[in-house]
$ cat target_0.csv   # CSV, C-alpha atoms
chain,number,residue,atom,x,y,z
A,625,MET,CA,30.6,-22.7,17.4
A,626,VAL,CA,32.5,-23.5,14.2
A,627,ARG,CA,32.7,-20.7,11.7
A,628,LEU,CA,31.9,-21.8,8.2
A,629,SER,CA,33.9,-20.6,5.2
A,630,ARG,CA,32.2,-18.6,2.5
A,631,ALA,CA,32.1,-21.6,0.2
A,632,GLU,CA,30.6,-23.8,2.9
A,633,THR,CA,28.0,-21.1,3.8
A,634,GLN,CA,27.0,-20.8,0.1
A,635,GLU,CA,26.7,-24.5,-0.3
A,636,ARG,CA,24.5,-24.7,2.8
A,637,ASN,CA,22.3,-21.9,1.6
A,638,ARG,CA,22.0,-23.5,-1.8
A,639,ALA,CA,20.9,-26.8,-0.2
A,640,LYS,CA,18.3,-24.9,1.9
A,641,VAL,CA,17.0,-23.2,-1.2
A,642,LEU,CA,16.7,-26.5,-3.1
A,643,SER,CA,14.9,-28.1,-0.2
A,644,ALA,CA,12.4,-25.2,0.2
A,645,ALA,CA,11.9,-25.0,-3.5
A,646,ARG,CA,11.2,-28.7,-3.8
A,647,ASP,CA,8.4,-28.4,-1.2
A,648,GLU,CA,6.9,-25.3,-2.8
A,649,PHE,CA,7.0,-26.7,-6.3
A,650,ALA,CA,5.5,-30.0,-5.1
A,651,ARG,CA,2.7,-28.2,-3.2
A,652,ARG,CA,1.8,-25.5,-5.7
A,653,GLY,CA,3.4,-26.5,-9.0
A,654,PHE,CA,6.0,-24.5,-10.9
A,655,ARG,CA,3.6,-21.8,-12.2
A,656,GLU,CA,2.1,-20.9,-8.9
A,657,ALA,CA,5.2,-21.2,-6.8
A,658,LYS,CA,6.6,-17.9,-5.4
A,659,ILE,CA,10.2,-17.1,-4.9
A,660,ASP,CA,9.3,-15.0,-1.8
A,661,VAL,CA,7.7,-18.1,-0.2
A,662,ILE,CA,10.7,-20.2,-1.1
A,663,ALA,CA,13.0,-17.7,0.5
A,664,GLU,CA,10.8,-17.6,3.6
A,665,ARG,CA,10.8,-21.4,3.8
A,666,ALA,CA,14.6,-21.4,3.5
A,667,GLU,CA,14.9,-18.7,6.1
A,668,LEU,CA,16.8,-16.6,3.6
A,669,THR,CA,16.3,-13.4,1.7
A,670,ARG,CA,14.9,-13.2,-1.8
A,671,GLY,CA,18.3,-11.9,-2.9
A,672,ALA,CA,20.0,-14.9,-1.4
A,673,VAL,CA,17.9,-17.2,-3.5
A,674,TYR,CA,18.8,-15.2,-6.7
A,675,SER,CA,22.5,-15.2,-5.7
A,676,ASN,CA,22.4,-19.0,-6.0
A,677,PHE,CA,20.0,-19.4,-8.9
A,678,PRO,CA,19.4,-16.9,-11.7
A,679,GLY,CA,15.7,-17.4,-12.0
A,680,LYS,CA,12.7,-19.5,-11.0
A,681,ARG,CA,13.0,-21.8,-14.0
A,682,ALA,CA,16.7,-22.4,-13.3
A,683,LEU,CA,15.8,-23.3,-9.7
A,684,TYR,CA,13.1,-25.6,-10.9
A,685,PHE,CA,15.5,-27.5,-13.2
A,686,ALA,CA,18.0,-27.7,-10.4
A,687,VAL,CA,15.4,-29.2,-8.0
A,688,LEU,CA,14.5,-31.9,-10.5
A,689,ALA,CA,18.1,-32.6,-11.4
A,690,ASP,CA,19.0,-32.9,-7.7
A,691,LEU,CA,16.1,-35.3,-7.1
A,692,ALA,CA,17.0,-37.5,-10.2
A,693,GLU,CA,20.7,-37.7,-9.1
A,694,ARG,CA,19.8,-38.6,-5.5
A,695,ALA,CA,17.2,-41.2,-6.4
A,696,PRO,CA,18.0,-44.7,-5.1
A,697,ARG,CA,20.2,-46.7,-7.6
A,698,LEU,CA,18.0,-49.8,-8.1
A,699,ALA,CA,20.6,-51.8,-10.0
A,700,THR,CA,18.7,-55.1,-10.8
A,701,PRO,CA,19.5,-55.8,-14.4
A,702,PRO,CA,18.4,-59.1,-15.9
A,703,PRO,CA,21.2,-61.7,-15.9
A,704,ASN,CA,22.5,-62.9,-19.3
A,705,ALA,CA,20.2,-60.5,-21.0
A,706,GLU,CA,19.6,-60.3,-24.7
A,707,ALA,CA,18.9,-56.9,-26.3
A,708,ALA,CA,15.1,-57.4,-26.1
A,709,ASP,CA,15.4,-58.1,-22.4
A,710,VAL,CA,17.5,-55.0,-21.9
A,711,LEU,CA,15.0,-52.8,-23.8
A,712,ALA,CA,12.0,-54.4,-22.0
A,713,ALA,CA,13.7,-53.8,-18.6
A,714,PHE,CA,14.5,-50.2,-19.5
A,715,ALA,CA,10.9,-49.6,-20.5
A,716,ARG,CA,9.6,-51.4,-17.4
A,717,ALA,CA,11.7,-49.1,-15.2
A,718,TRP,CA,10.4,-46.1,-17.1
A,719,VAL,CA,6.7,-46.9,-16.9
A,720,ALA,CA,7.0,-47.9,-13.2
A,721,ARG,CA,7.6,-44.3,-12.3
A,722,LEU,CA,4.6,-42.9,-14.2
A,723,PRO,CA,1.8,-41.5,-12.1
A,724,LEU,CA,-1.3,-43.7,-11.8
A,725,ALA,CA,-4.8,-42.4,-12.1
A,726,THR,CA,-5.2,-42.5,-8.3
A,727,ASP,CA,-2.2,-40.3,-7.7
A,728,SER,CA,-2.4,-37.8,-10.6
A,729,ASP,CA,-2.7,-34.9,-8.1
A,730,SER,CA,0.1,-36.1,-5.8
A,731,ASP,CA,3.0,-33.8,-4.8
A,732,GLU,CA,5.3,-35.9,-7.1
A,733,ALA,CA,3.0,-35.5,-10.1
A,734,ARG,CA,2.7,-31.8,-9.5
A,735,LEU,CA,6.4,-31.4,-9.2
A,736,ALA,CA,7.2,-32.7,-12.7
A,737,ARG,CA,4.1,-31.6,-14.5
A,738,ASP,CA,5.5,-28.3,-15.8
A,739,LEU,CA,8.8,-29.6,-17.0
A,740,LEU,CA,8.0,-30.1,-20.6
A,741,PRO,CA,5.9,-26.9,-21.0
A,742,GLU,CA,8.9,-25.0,-19.6
A,743,ILE,CA,11.3,-26.7,-21.9
A,744,LEU,CA,9.0,-25.9,-24.8
A,745,ALA,CA,8.6,-22.3,-23.7
A,746,ASP,CA,11.4,-20.9,-25.9
A,747,ASP,CA,14.2,-21.9,-28.2
A,748,HIS,CA,16.7,-21.3,-25.5
A,749,THR,CA,15.7,-24.5,-23.7
A,750,ARG,CA,14.1,-26.4,-26.6
A,751,ARG,CA,17.2,-26.6,-28.8
A,752,PRO,CA,19.5,-27.9,-26.0
A,753,PHE,CA,16.8,-30.4,-25.0
A,754,ALA,CA,16.6,-31.8,-28.5
A,755,GLN,CA,20.4,-32.5,-28.4
A,756,LEU,CA,20.1,-34.0,-24.9
A,757,MET,CA,17.5,-36.4,-26.2
A,758,ARG,CA,19.9,-37.4,-28.9
A,759,VAL,CA,22.5,-38.0,-26.2
A,760,ASN,CA,20.1,-40.3,-24.4
A,761,ALA,CA,19.3,-42.2,-27.6
A,762,VAL,CA,23.1,-42.7,-28.2
A,763,LEU,CA,23.6,-43.9,-24.6
A,764,LEU,CA,20.7,-46.3,-24.8
A,765,GLY,CA,21.7,-47.5,-28.3
A,766,LEU,CA,25.3,-48.2,-27.1
A,767,ALA,CA,23.9,-50.2,-24.2
A,768,LEU,CA,21.8,-52.3,-26.6
A,769,GLU,CA,24.8,-52.8,-28.9
A,770,ARG,CA,26.8,-54.3,-26.1
A,771,VAL,CA,24.4,-57.3,-26.0
A,772,ARG,CA,23.5,-57.3,-29.7
A,773,PRO,CA,26.7,-56.2,-31.5
A,774,GLY,CA,26.9,-55.9,-35.3
A,775,ARG,CA,24.8,-52.9,-36.1
A,776,ARG,CA,24.0,-49.5,-34.8
A,777,LEU,CA,20.9,-49.5,-32.6
A,778,VAL,CA,20.5,-45.7,-31.9
A,779,ARG,CA,17.5,-45.5,-34.2
A,780,VAL,CA,15.8,-48.2,-32.2
A,781,ALA,CA,16.7,-46.3,-29.0
A,782,GLU,CA,15.2,-43.1,-30.5
A,783,ALA,CA,11.9,-45.0,-31.3
A,784,ALA,CA,11.8,-46.4,-27.8
A,785,LEU,CA,12.4,-43.0,-26.2
A,786,THR,CA,9.7,-41.5,-28.4
A,787,THR,CA,7.3,-44.2,-27.2
A,788,LEU,CA,8.2,-43.7,-23.6
A,789,HIS,CA,8.1,-39.9,-23.6
A,790,GLY,CA,4.7,-40.1,-25.2
A,791,ALA,CA,3.5,-42.5,-22.5
A,792,SER,CA,4.8,-40.0,-19.9
A,793,GLN,CA,2.8,-37.1,-21.5
A,794,LEU,CA,-0.4,-39.2,-21.7
A,795,ALA,CA,0.1,-40.3,-18.1
A,796,ALA,CA,0.1,-36.6,-17.1
A,797,ALA,CA,-2.7,-35.5,-19.4
A,798,ALA,CA,-4.9,-38.6,-19.2
A,799,PRO,CA,-4.1,-40.6,-16.1
A,800,GLY,CA,-4.9,-44.3,-16.4
A,801,PHE,CA,-4.8,-44.3,-20.2
A,802,GLY,CA,-2.9,-47.2,-21.7
A,803,GLU,CA,-1.7,-50.5,-20.4
A,804,PRO,CA,1.9,-50.3,-19.1
A,805,PHE,CA,2.6,-53.9,-20.0
A,806,HIS,CA,1.7,-53.2,-23.7
A,807,ILE,CA,4.1,-50.2,-23.7
A,808,VAL,CA,6.9,-52.5,-22.5
A,809,THR,CA,6.1,-55.1,-25.1
A,810,ALA,CA,5.9,-52.5,-27.9
A,811,CYS,CA,9.4,-51.2,-27.0
A,812,ALA,CA,11.0,-54.6,-27.0
A,813,ALA,CA,9.4,-55.3,-30.4
A,814,LEU,CA,11.2,-52.3,-31.9
A,815,LEU,CA,14.4,-54.4,-32.2
A,816,ASP,CA,12.7,-56.5,-34.9
A,817,LEU,CA,12.0,-53.5,-37.1
A,818,ASP,CA,14.3,-52.8,-40.0
A,819,LEU,CA,15.2,-49.2,-39.1
A,820,SER,CA,17.9,-48.1,-41.5
A,821,ASP,CA,20.8,-47.1,-39.2
A,822,ASP,CA,24.1,-47.0,-41.0
A,823,TRP,CA,26.9,-45.1,-39.5
A,824,PRO,CA,29.3,-43.4,-41.9
A,825,SER,CA,33.0,-44.4,-41.5
A,826,ILE,CA,33.9,-40.7,-42.0
A,827,PRO,CA,31.4,-37.9,-41.0
A,828,PRO,CA,30.2,-35.8,-43.9
A,829,ILE,CA,32.1,-32.8,-42.5
A,830,THR,CA,35.4,-33.4,-40.8
A,831,SER,CA,37.7,-30.9,-39.2
A,832,GLN,CA,41.5,-31.1,-39.7
A,833,ALA,CA,43.4,-32.5,-36.7
A,834,ARG,CA,46.5,-30.5,-35.7
A,835,PRO,CA,49.4,-32.0,-33.8
A,836,ALA,CA,50.0,-30.6,-30.3
A,837,ASP,CA,52.3,-31.1,-27.4
A,838,GLU,CA,50.6,-29.6,-24.3
A,839,PRO,CA,50.3,-30.6,-20.7
A,840,TRP,CA,47.1,-32.3,-19.5
A,841,THR,CA,46.2,-31.6,-15.9
A,842,PRO,CA,42.5,-32.0,-15.6
A,843,PRO,CA,40.5,-31.2,-12.5
A,844,ALA,CA,38.3,-33.8,-10.9
A,845,ALA,CA,34.7,-34.0,-12.2
A,846,THR,CA,31.6,-36.0,-11.7
A,847,ASP,CA,30.7,-38.6,-14.3
A,848,LEU,CA,26.9,-38.2,-15.0
A,849,LEU,CA,26.7,-41.9,-16.0
A,850,THR,CA,27.9,-43.3,-12.7
A,851,GLY,CA,27.9,-40.5,-10.2
A,852,ASP,CA,31.6,-41.2,-9.5
A,853,THR,CA,34.3,-38.6,-9.3
A,854,VAL,CA,36.7,-39.0,-12.2
A,855,ARG,CA,39.9,-37.4,-13.5
A,856,PRO,CA,40.0,-38.1,-17.3
A,857,GLY,CA,43.2,-39.6,-18.5
A,858,ASP,CA,44.3,-40.8,-21.9
A,859,GLY,CA,41.7,-40.8,-24.7
A,860,VAL,CA,39.6,-38.3,-26.5
A,861,ILE,CA,38.3,-35.3,-24.5
A,862,ALA,CA,35.3,-33.8,-26.4
A,863,VAL,CA,34.3,-30.3,-25.3
A,864,LEU,CA,30.8,-29.8,-26.6
A,865,GLY,CA,28.2,-27.0,-26.3
A,866,LEU,CA,24.6,-28.1,-25.7
A,867,HIS,CA,23.7,-27.5,-29.4
A,868,ARG,CA,26.3,-30.1,-30.4
A,869,ALA,CA,26.1,-32.4,-27.3
A,870,SER,CA,25.6,-35.7,-29.2
A,871,ALA,CA,28.7,-35.2,-31.4
A,872,PHE,CA,30.8,-37.4,-29.0
A,873,GLU,CA,29.4,-40.4,-30.9
A,874,GLU,CA,31.8,-39.6,-33.7
A,875,ALA,CA,34.7,-40.5,-31.4
A,876,VAL,CA,32.9,-43.4,-29.7
A,877,ARG,CA,32.5,-45.1,-33.1
A,878,THR,CA,36.2,-45.1,-33.6
A,879,GLY,CA,36.7,-47.3,-30.5
A,880,ALA,CA,38.4,-44.5,-28.6
A,881,ASP,CA,38.1,-44.0,-24.8
A,882,VAL,CA,35.9,-40.8,-24.7
A,883,THR,CA,35.1,-38.2,-22.1
A,884,ALA,CA,32.3,-35.9,-23.3
A,885,VAL,CA,32.5,-32.5,-21.5
A,886,LEU,CA,29.2,-30.6,-21.8
A,887,VAL,CA,29.5,-26.8,-21.6
A,888,THR,CA,27.0,-24.0,-22.1
A,889,SER,CA,26.8,-20.2,-22.2
A,890,ASP,CA,24.0,-20.4,-19.6
A,891,PRO,CA,25.2,-22.8,-16.8
A,892,GLY,CA,22.7,-21.5,-14.3
A,893,GLU,CA,19.7,-22.8,-16.3
A,894,LEU,CA,20.9,-25.2,-18.9
A,895,ALA,CA,23.5,-27.2,-16.9
A,896,PRO,CA,20.9,-28.6,-14.5
A,897,LEU,CA,18.7,-29.4,-17.5
A,898,ALA,CA,21.6,-31.5,-18.9
A,899,ARG,CA,22.2,-33.2,-15.5
A,900,LEU,CA,18.5,-34.0,-15.3
A,901,ALA,CA,18.3,-35.5,-18.8
A,902,VAL,CA,21.2,-37.9,-18.2
A,903,ALA,CA,20.2,-38.8,-14.6
A,904,ASP,CA,16.7,-39.7,-15.8
A,905,LEU,CA,18.1,-42.1,-18.4
A,906,ARG,CA,20.7,-43.5,-16.0
A,907,GLY,CA,18.0,-44.4,-13.4
A,908,CYS,CA,16.3,-46.7,-16.0
A,909,LEU,CA,19.5,-47.9,-17.6
A,910,ASP,CA,20.8,-49.1,-14.2
A,911,GLN,CA,17.8,-51.5,-14.0
A,912,ALA,CA,18.3,-52.7,-17.6
A,913,ILE,CA,21.9,-53.6,-18.0
A,914,ALA,CA,25.0,-54.1,-15.8
A,915,PRO,CA,27.8,-51.4,-16.3
A,916,ASP,CA,30.9,-52.2,-18.3
A,917,PRO,CA,33.8,-53.5,-16.2
A,918,ARG,CA,35.8,-50.7,-17.7
A,919,PRO,CA,33.7,-47.8,-19.0
A,920,ARG,CA,35.0,-46.3,-22.2
A,921,LEU,CA,32.6,-43.3,-22.1
A,922,ARG,CA,32.2,-40.6,-19.5
A,923,ILE,CA,29.9,-37.6,-19.6
A,924,VAL,CA,30.7,-34.6,-17.5
A,925,CYS,CA,28.6,-31.4,-17.1
A,926,ASP,CA,31.3,-28.7,-16.9
A,927,ALA,CA,29.2,-25.8,-15.6
A,928,GLY,CA,32.2,-23.9,-14.4
A,929,GLY,CA,34.3,-24.5,-17.5
A,930,GLU,CA,37.3,-25.9,-15.5
A,931,LEU,CA,37.7,-29.1,-17.5
A,932,ALA,CA,37.2,-27.2,-20.8
A,933,ALA,CA,39.9,-24.8,-19.8
A,934,ALA,CA,42.3,-27.7,-19.0
A,935,ALA,CA,41.7,-28.8,-22.6
A,936,GLY,CA,42.6,-25.3,-23.8
A,937,VAL,CA,39.0,-24.0,-24.4
A,938,THR,CA,38.8,-20.8,-22.4
A,939,ALA,CA,35.6,-19.4,-23.9
A,940,VAL,CA,32.6,-21.6,-24.4
A,941,SER,CA,29.2,-21.3,-25.9
A,942,ASP,CA,26.4,-23.7,-26.8
A,943,ALA,CA,27.9,-24.1,-30.3
A,944,THR,CA,31.4,-25.1,-29.0
A,945,GLU,CA,32.8,-28.2,-30.6
A,946,THR,CA,36.5,-28.9,-29.8
A,947,ALA,CA,38.2,-32.2,-29.2
A,948,VAL,CA,41.7,-33.2,-28.1
A,949,ARG,CA,43.4,-36.5,-27.8
A,950,VAL,CA,45.5,-37.3,-24.7
A,951,GLU,CA,48.3,-39.8,-24.8
A,952,GLY,CA,50.8,-40.4,-22.0
A,953,GLY,CA,49.3,-37.5,-20.0
A,954,ARG,CA,49.8,-34.9,-22.7
A,955,ILE,CA,47.5,-33.4,-25.4
A,956,VAL,CA,48.9,-34.6,-28.7
A,957,VAL,CA,46.1,-33.8,-31.1
A,958,ARG,CA,43.6,-30.9,-31.3
A,959,ALA,CA,40.6,-30.3,-33.6
A,960,ASP,CA,37.9,-27.7,-33.7
A,961,GLY,CA,34.5,-27.3,-35.4
A,962,PHE,CA,32.2,-29.9,-37.1
A,963,GLY,CA,33.7,-33.3,-37.1
A,964,ALA,CA,36.3,-32.4,-34.4
A,965,CYS,CA,35.6,-35.6,-32.4
A,966,HIS,CA,36.3,-37.9,-35.3
A,967,ALA,CA,39.3,-35.9,-36.3
A,968,ALA,CA,40.8,-36.0,-32.8
A,969,ALA,CA,40.2,-39.7,-32.5
A,970,THR,CA,41.7,-40.6,-35.8
A,971,GLY,CA,44.2,-37.8,-36.6
$ encode --input "target_0.csv" --output "structure tokens"
Amino acid sequence: MVRLSRAETQERNRAKVLSAARDEFARRGFREAKIDVIAERAELTRGAVYSNFPGKRALYFAVLADLAERAPRLATPPPNAEAADVLAAFARAWVARLPLATDSDSDEARLARDLLPEILADDHTRRPFAQLMRVNAVLLGLALERVRPGRRLVRVAEAALTTLHGASQLAAAAPGFGEPFHIVTACAALLDLDLSDDWPSIPPITSQARPADEPWTPPAATDLLTGDTVRPGDGVIAVLGLHRASAFEEAVRTGADVTAVLVTSDPGELAPLARLAVADLRGCLDQAIAPDPRPRLRIVCDAGGELAAAAGVTAVSDATETAVRVEGGRIVVRADGFGACHAAATG
């Protein structure tokens, strides 16, 4: 019998807890699910569950994030698509996963039903979630701009995501309400609206860039946009707490190659929420537009802080905003505070 290492045992136990929790949340919903039952299903102790997850809500977010990241990648974007085609395909992928009136009490519907109420429960989750929605709007907007260059389309993306999240909530509260085809048509029509969306050439608040000469030896990490293992090289490395997560756009708008490193003071609960938000968007984006041949943006959830530490950020919080620029395998510029991403990209 092969003896497992401590890390392998912990990983196996974590997988068992996630599987058991997924079954319990699907059967009873988040509110009625019991940690004792999850532990029993996983053939572990209650203490073993809490050694892997700090609380039931953290476990719930982790279950949903794991499911979203493991979902089949149905990459069937429309060929030679225009922006309206991309937005329609994105909306179509979104509404296709909404519960129908006939399956409103299915295990899948029960599993996700309590997500938004738990996010809204307190400011600890609500404030990061607001930033994560901004991240998703930037990502969708950038995708639209690839096929309709010339103006920023993040406001259009915000309006589309508002429409689609509203459709999700109504599908849960009033199954069968609304015609999915009309939702798709409405989202595509948003591109014809004149939504003022000018991007300032210089952010209102900009940190001062400082020259540096430091080694850059990053650990491998998972890019949330592709699921691939990456080791960020030259470009801007933006270390951002979840209260400032969307600030990476400042560097993207300069044309820099950007790696956004998301950090948090509560990795147990908020890191899986970040993973879930990006994975949900990625699942629809895969069906709307083909990936760039050379992605200039990566997003990493740095729950352990290893990538942040490589950038010289040894203490992180949800307010962290630090950026460095790497050239020739060395850190050559550093900036901290509001506007750090723009400063590191241009300084």
$ closest_atom_pairs --input "target_0.csv" --of "region 875-964 of chain A" --to "region 697-702 of chain A" --cutoff "10 Å" --atoms "only C-alpha atoms" --output "tab-separated table"
residue	atom	partner	partner_atom	distance
A:Arg906	CA	A:Arg697	CA	9.0
A:Gly907	CA	A:Arg697	CA	6.6
A:Cys908	CA	A:Leu698	CA	8.7
A:Leu909	CA	A:Pro701	CA	8.5
A:Asp910	CA	A:Ala699	CA	5.0
A:Gln911	CA	A:Pro701	CA	4.6
A:Ala912	CA	A:Pro701	CA	4.6
A:Ile913	CA	A:Pro701	CA	4.9
A:Ala914	CA	A:Pro701	CA	5.9
A:Pro915	CA	A:Ala699	CA	9.6
$ atom_distance --input "target_0.csv" --atom1 "CA of Ala713 (chain A)" --atom2 "CA of Asp904 (chain A)"
14.7 Å
$ atom_distance --input "target_0.csv" --atom1 "CA of Ala761 (chain A)" --atom2 "CA of Leu785 (chain A)"
7.1 Å
$ closest_atom_pairs --input "target_0.csv" --of "region 630-707 of chain A" --to "region 769-776 of chain A" --cutoff "9 Å" --atoms "only C-alpha atoms" --output "CSV"
residue,atom,partner,partner_atom,distance
A:Asn704,CA,A:Val771,CA,8.9
A:Ala705,CA,A:Val771,CA,7.3
A:Glu706,CA,A:Val771,CA,5.8
A:Ala707,CA,A:Val771,CA,5.5
$ residues_around --input "target_0.csv" --residues "region 802-807 of chain A" --least-positions-apart "3" --cutoff "10 Å" --atoms "only C-alpha atoms" --output "mmCIF file with C-alpha atoms, in the frame of the given file"
data_model
loop_
_atom_site.group_PDB
_atom_site.id
_atom_site.type_symbol
_atom_site.label_atom_id
_atom_site.label_comp_id
_atom_site.auth_asym_id
_atom_site.auth_seq_id
_atom_site.Cartn_x
_atom_site.Cartn_y
_atom_site.Cartn_z
ATOM 1 C CA ALA A 712 12.000 -54.400 -22.000
ATOM 2 C CA ALA A 715 10.900 -49.600 -20.500
ATOM 3 C CA ARG A 716 9.600 -51.400 -17.400
ATOM 4 C CA TRP A 718 10.400 -46.100 -17.100
ATOM 5 C CA VAL A 719 6.700 -46.900 -16.900
ATOM 6 C CA ALA A 720 7.000 -47.900 -13.200
ATOM 7 C CA LEU A 722 4.600 -42.900 -14.200
ATOM 8 C CA ALA A 784 11.800 -46.400 -27.800
ATOM 9 C CA THR A 787 7.300 -44.200 -27.200
ATOM 10 C CA LEU A 788 8.200 -43.700 -23.600
ATOM 11 C CA ALA A 791 3.500 -42.500 -22.500
ATOM 12 C CA LEU A 794 -0.400 -39.200 -21.700
ATOM 13 C CA ALA A 795 0.100 -40.300 -18.100
ATOM 14 C CA ALA A 798 -4.900 -38.600 -19.200
ATOM 15 C CA PRO A 799 -4.100 -40.600 -16.100
ATOM 16 C CA ALA A 810 5.900 -52.500 -27.900
ATOM 17 C CA CYS A 811 9.400 -51.200 -27.000
ATOM 18 C CA ALA A 812 11.000 -54.600 -27.000
ATOM 19 C CA ALA A 813 9.400 -55.300 -30.400
#
$ residues_around --input "target_0.csv" --residues "region 645-662 of chain A" --least-positions-apart "3" --cutoff "6 Å" --atoms "all atoms listed in the file" --output "compact mmCIF listing (two decimals) with C-alpha atoms, keeping the file's coordinate frame"
# COMPACT_ATOMS: atom_id res chain seq x y z
CA VAL A 641 17.00 -23.20 -1.20
CA LEU A 642 16.70 -26.50 -3.10
CA ARG A 665 10.80 -21.40 3.80
CA ARG A 670 14.90 -13.20 -1.80
CA VAL A 687 15.40 -29.20 -8.00
CA ASP A 731 3.00 -33.80 -4.80
CA ARG A 734 2.70 -31.80 -9.50
CA LEU A 735 6.40 -31.40 -9.20
$ closest_atom_pairs --input "target_0.csv" --of "region 900-971 of chain A" --to "region 830-842 of chain A" --cutoff "10 Å" --atoms "all atoms listed in the file" --output "JSON lines"
{"residue": "A:Glu930", "atom": "CA", "partner": "A:Pro842", "partner_atom": "CA", "distance": 8.0}
{"residue": "A:Leu931", "atom": "CA", "partner": "A:Pro842", "partner_atom": "CA", "distance": 5.9}
{"residue": "A:Ala932", "atom": "CA", "partner": "A:Pro842", "partner_atom": "CA", "distance": 8.8}
{"residue": "A:Ala933", "atom": "CA", "partner": "A:Pro842", "partner_atom": "CA", "distance": 8.7}
{"residue": "A:Ala934", "atom": "CA", "partner": "A:Pro842", "partner_atom": "CA", "distance": 5.5}
{"residue": "A:Ala935", "atom": "CA", "partner": "A:Trp840", "partner_atom": "CA", "distance": 7.1}
{"residue": "A:Gly936", "atom": "CA", "partner": "A:Glu838", "partner_atom": "CA", "distance": 9.1}
{"residue": "A:Thr946", "atom": "CA", "partner": "A:Ser831", "partner_atom": "CA", "distance": 9.7}
{"residue": "A:Ala947", "atom": "CA", "partner": "A:Ala833", "partner_atom": "CA", "distance": 9.1}
{"residue": "A:Val948", "atom": "CA", "partner": "A:Ala833", "partner_atom": "CA", "distance": 8.8}
{"residue": "A:Arg949", "atom": "CA", "partner": "A:Ala836", "partner_atom": "CA", "distance": 9.2}
{"residue": "A:Val950", "atom": "CA", "partner": "A:Trp840", "partner_atom": "CA", "distance": 7.4}
{"residue": "A:Glu951", "atom": "CA", "partner": "A:Trp840", "partner_atom": "CA", "distance": 9.3}
{"residue": "A:Gly952", "atom": "CA", "partner": "A:Trp840", "partner_atom": "CA", "distance": 9.2}
{"residue": "A:Gly953", "atom": "CA", "partner": "A:Trp840", "partner_atom": "CA", "distance": 5.7}
{"residue": "A:Arg954", "atom": "CA", "partner": "A:Pro839", "partner_atom": "CA", "distance": 4.8}
{"residue": "A:Ile955", "atom": "CA", "partner": "A:Glu838", "partner_atom": "CA", "distance": 5.0}
{"residue": "A:Val956", "atom": "CA", "partner": "A:Ala836", "partner_atom": "CA", "distance": 4.4}
{"residue": "A:Val957", "atom": "CA", "partner": "A:Pro835", "partner_atom": "CA", "distance": 4.6}
{"residue": "A:Arg958", "atom": "CA", "partner": "A:Arg834", "partner_atom": "CA", "distance": 5.3}
{"residue": "A:Ala959", "atom": "CA", "partner": "A:Ala833", "partner_atom": "CA", "distance": 4.7}
{"residue": "A:Asp960", "atom": "CA", "partner": "A:Ser831", "partner_atom": "CA", "distance": 6.4}
{"residue": "A:Gly961", "atom": "CA", "partner": "A:Ser831", "partner_atom": "CA", "distance": 6.1}
{"residue": "A:Phe962", "atom": "CA", "partner": "A:Ser831", "partner_atom": "CA", "distance": 6.0}
{"residue": "A:Gly963", "atom": "CA", "partner": "A:Thr830", "partner_atom": "CA", "distance": 4.1}
{"residue": "A:Ala964", "atom": "CA", "partner": "A:Ser831", "partner_atom": "CA", "distance": 5.2}
{"residue": "A:Cys965", "atom": "CA", "partner": "A:Ser831", "partner_atom": "CA", "distance": 8.5}
{"residue": "A:His966", "atom": "CA", "partner": "A:Thr830", "partner_atom": "CA", "distance": 7.2}
{"residue": "A:Ala967", "atom": "CA", "partner": "A:Ala833", "partner_atom": "CA", "distance": 5.3}
{"residue": "A:Ala968", "atom": "CA", "partner": "A:Ala833", "partner_atom": "CA", "distance": 5.8}
{"residue": "A:Ala969", "atom": "CA", "partner": "A:Ala833", "partner_atom": "CA", "distance": 8.9}
{"residue": "A:Thr970", "atom": "CA", "partner": "A:Ala833", "partner_atom": "CA", "distance": 8.3}
{"residue": "A:Gly971", "atom": "CA", "partner": "A:Ala833", "partner_atom": "CA", "distance": 5.4}
$ atom_distance --input "target_0.csv" --atom1 "CA of Arg681 (chain A)" --atom2 "CA of Gly790 (chain A)"
23.0 Å
$ closest_residue --input "target_0.csv" --among "A:Val902, A:Ile861, A:Ala733, A:Ala796" --to "Leu848 (chain A)" --atoms "all atoms listed in the file"
A:Val902
$ residues_around --input "target_0.csv" --residues "Gly851 (chain A)" --least-positions-apart "2" --cutoff "10 Å" --atoms "only C-alpha atoms" --output "list of chain:residue names"
A:Glu693, A:Arg694, A:Ala845, A:Thr846, A:Asp847, A:Leu848, A:Leu849, A:Thr853, A:Val854, A:Ala903, A:Arg906, A:Val924
$ residues_around --input "target_0.csv" --residues "Phe677 (chain A)" --least-positions-apart "2" --cutoff "10 Å" --atoms "only C-alpha atoms" --output "ChimeraX atom specification"
/A:638,641-642,671-675,679-684,686,892-893
$ closest_residue --input "target_0.csv" --among "A:Arg721, A:Arg920, A:Arg737, A:Lys640" --to "Glu873 (chain A)" --atoms "all atoms listed in the file"
A:Arg920
$ closest_residue --input "target_0.csv" --among "A:Leu905, A:Leu921, A:Leu777, A:Pro896" --to "Pro856 (chain A)" --atoms "all atoms listed in the file"
A:Leu921
$ closest_residue --input "target_0.csv" --among "A:Asn760, A:Asp942, A:Ser825, A:Pro891" --to "Ile923 (chain A)" --atoms "all atoms listed in the file"
A:Asn760
